[in-house]
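The structure appears below as structure tokens.
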Amino acid sequence: MPRSRRLWADWSVDRLSRALLWTAFRLPYPRRVPMMGAVFRALGGVTGFRARAEDQLAYIFPGMSPAERRRIARAVLDNFGRVLIENYSTADQLARATRWAPHGPGLAACEAARQEGRAILFVSGHYGNYQAARAAMNVRGYQMGGLYRLMNNPYANARYIASVEGVGGQAFPRDRRGLVGFVRVLRDGGQGAILIDQYHGNGVLLDFLGKPAPTVLSAAEMALKNNALLVPIYAERHENGLDFDVTVEAPIPHTDARTMTQALNDSLAARIRARPGQWFWVHRRWKPQRQARDFAPSALEVAGDEAEPPDSPRPPLP
């Protein structure tokens, strides 16, 4: 698509998104959040997100029935819409986060590291609401910043960045300059957060849910270089659809970057297998046809299964 047409399309999508958000913000938070979930469920066919989620589910769980794939895909779309409006409702999110008491085998180690001034690098994925975990920790005295990936739509970036920064801690874009700032926070004994469950053509092939998935080793590398705790953290949505169970898992032992990153993948995969509807299956995590171009066949064989499902084009994420 020519750049001028792409910019026009991005601008149009942003205007529609602003109108939808304006409408949602006319409602109180307890009604606003489920409303956005319902909207995204309804639009799943139009946007292509439902088909994309079902394709990914079929790739990972080939024995799953079509009816079960459809049920999970609807839950994914509902969670996607809820996460979107929750993360733009910063004040409401922070107020509600006071109810979400973090717990888990890694919490004591994090408290000790914070008292000692030792860096902590929290790692999560697009599961439940990743930003809810930051909110729950930051309202309790942490300064968990973030390393974020700019959105494909340039018109939406300012609003998105404001939502990331509003939760507390320093937030940095995932570019050269941003990485320098993020590493400086860790070097100074601060706390940061990073998501590792998106496709990275410059990563290495590691197992994720039984298939090879290009994964960056940067989280483990930063932890090793800065003697930081590397801690998986998750905010799993409660049945009421508004609150979260925030779990701090035990820190990943320092060994080598590849082994540590595989442990992070395994941690997230276990969560997804238990509650698949809470993960963003709308992300193209594996892209097997692109893997065939980005990686040598020998690397694909070492990483795992070589089977390739159809990788039909879908609309980009908003």
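A note on labels: chains of the structure tokens are A, B, ... as shown, every chain counts residues from 1, and ligands are counted from 1 in their shown order.
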
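Near Ser17 (chain A), within a cut-off of 10 Å and counting only C-alpha atoms, sit the residues Trp11, Ser12, Trp22, Thr23, Ala156 and Pro318 of chain A, with same-chain residues fewer than 5 positions away left out.
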
Practice item. Mind checking which residues fall within 10 Å of Gln291 (chain A), counting only C-alpha atoms, ignoring those fewer than 2 positions away in the same chain, and posting them as a PyMOL selection string? Key: chain A and resi 199-201+205+212-214+286-289+293-297+299-300+306+308

Now that the selection is made, can you save its residues with C-alpha atoms as a CSV table (one decimal), in the first residue's frame?
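In the end it all went to part-v3.csv:
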chain,number,residue,atom,x,y,z
A,199,TYR,CA,7.7,-12.6,17.0
A,200,HIS,CA,11.2,-11.2,16.6
A,201,GLY,CA,13.0,-12.1,13.4
A,205,LEU,CA,14.3,-20.2,17.9
A,212,PRO,CA,9.6,-23.1,17.4
A,213,ALA,CA,9.1,-19.4,18.1
A,214,PRO,CA,11.6,-16.6,17.4
A,286,TRP,CA,5.0,-18.2,15.3
A,287,LYS,CA,4.7,-17.1,11.6
A,288,PRO,CA,6.0,-20.4,10.3
A,289,GLN,CA,6.2,-19.3,6.7
A,293,ARG,CA,12.7,-17.2,5.3
A,294,ASP,CA,14.3,-15.8,8.5
A,295,PHE,CA,16.0,-18.9,9.8
A,296,ALA,CA,18.1,-21.7,8.2
A,297,PRO,CA,16.3,-25.1,7.9
A,299,ALA,CA,17.8,-24.1,13.0
A,300,LEU,CA,14.1,-25.0,12.5
A,306,GLU,CA,8.6,-28.0,11.2
A,308,GLU,CA,3.5,-25.0,8.7

Exercise for review: Skip Gln191 (chain A) itself and residues of its chain fewer than 3 positions away, then list as a VMD selection string all residues within 9 Å of it, counting only C-alpha atoms.
Suggested key: chain A and resid 114 118 to 122 142 to 146 169 185 to 186 228

Practice item. Give me every helix (DSSP H, G or I) residue in region 54-290 of chain A, going by DSSP on the backbone, as a count of residues only. Key: 114

Using only C-alpha atoms, which residues of region 176-266 of chain A come within 10 Å of region 53-68 of chain A, and what is the closest atom pair for each, with the distance in Å to one decimal? Give it as CSV, sorted by chain and residue number.
residue,atom,partner,partner_atom,distance
A:Phe208,CA,A:Ile60,CA,9.5
A:Leu209,CA,A:Ile60,CA,6.8
A:Gly210,CA,A:Ile60,CA,7.2
A:Lys211,CA,A:Ile60,CA,7.4

Check your understanding: If you count only C-alpha atoms, which residues fall within 10 Å of Ala235 (chain A), apart from same-chain ones fewer than 5 positions away, as number ranges by chain?
Key -> A: 100, 102, 124-136, 243-248, 278

Dump as an mmCIF file, in the first residue's frame, selection limited to C-alpha atoms:
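Ended up saving to part07.cif:
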data_model
loop_
_atom_site.group_PDB
_atom_site.id
_atom_site.type_symbol
_atom_site.label_atom_id
_atom_site.label_comp_id
_atom_site.auth_asym_id
_atom_site.auth_seq_id
_atom_site.Cartn_x
_atom_site.Cartn_y
_atom_site.Cartn_z
ATOM 1 C CA TRP A 100 -5.017 -6.786 43.859
ATOM 2 C CA PRO A 102 0.417 -9.597 44.700
ATOM 3 C CA SER A 124 5.353 -11.283 31.367
ATOM 4 C CA GLY A 125 3.346 -11.797 28.193
ATOM 5 C CA HIS A 126 0.066 -10.722 26.642
ATOM 6 C CA TYR A 127 -1.844 -12.785 29.180
ATOM 7 C CA GLY A 128 -4.700 -11.497 31.338
ATOM 8 C CA ASN A 129 -3.722 -7.845 31.585
ATOM 9 C CA TYR A 130 0.042 -7.368 31.702
ATOM 10 C CA GLN A 131 -0.315 -3.710 32.746
ATOM 11 C CA ALA A 132 -2.497 -4.657 35.711
ATOM 12 C CA ALA A 133 0.528 -6.414 37.223
ATOM 13 C CA ARG A 134 2.572 -3.198 36.958
ATOM 14 C CA ALA A 135 -0.269 -1.231 38.510
ATOM 15 C CA ALA A 136 -0.601 -3.667 41.433
ATOM 16 C CA ASP A 243 -10.202 -7.750 38.966
ATOM 17 C CA PHE A 244 -6.953 -9.712 38.783
ATOM 18 C CA ASP A 245 -4.942 -12.330 40.600
ATOM 19 C CA VAL A 246 -1.357 -11.017 40.493
ATOM 20 C CA THR A 247 1.191 -13.811 40.856
ATOM 21 C CA VAL A 248 4.928 -13.250 41.280
ATOM 22 C CA GLN A 278 -6.578 -15.170 28.628
#
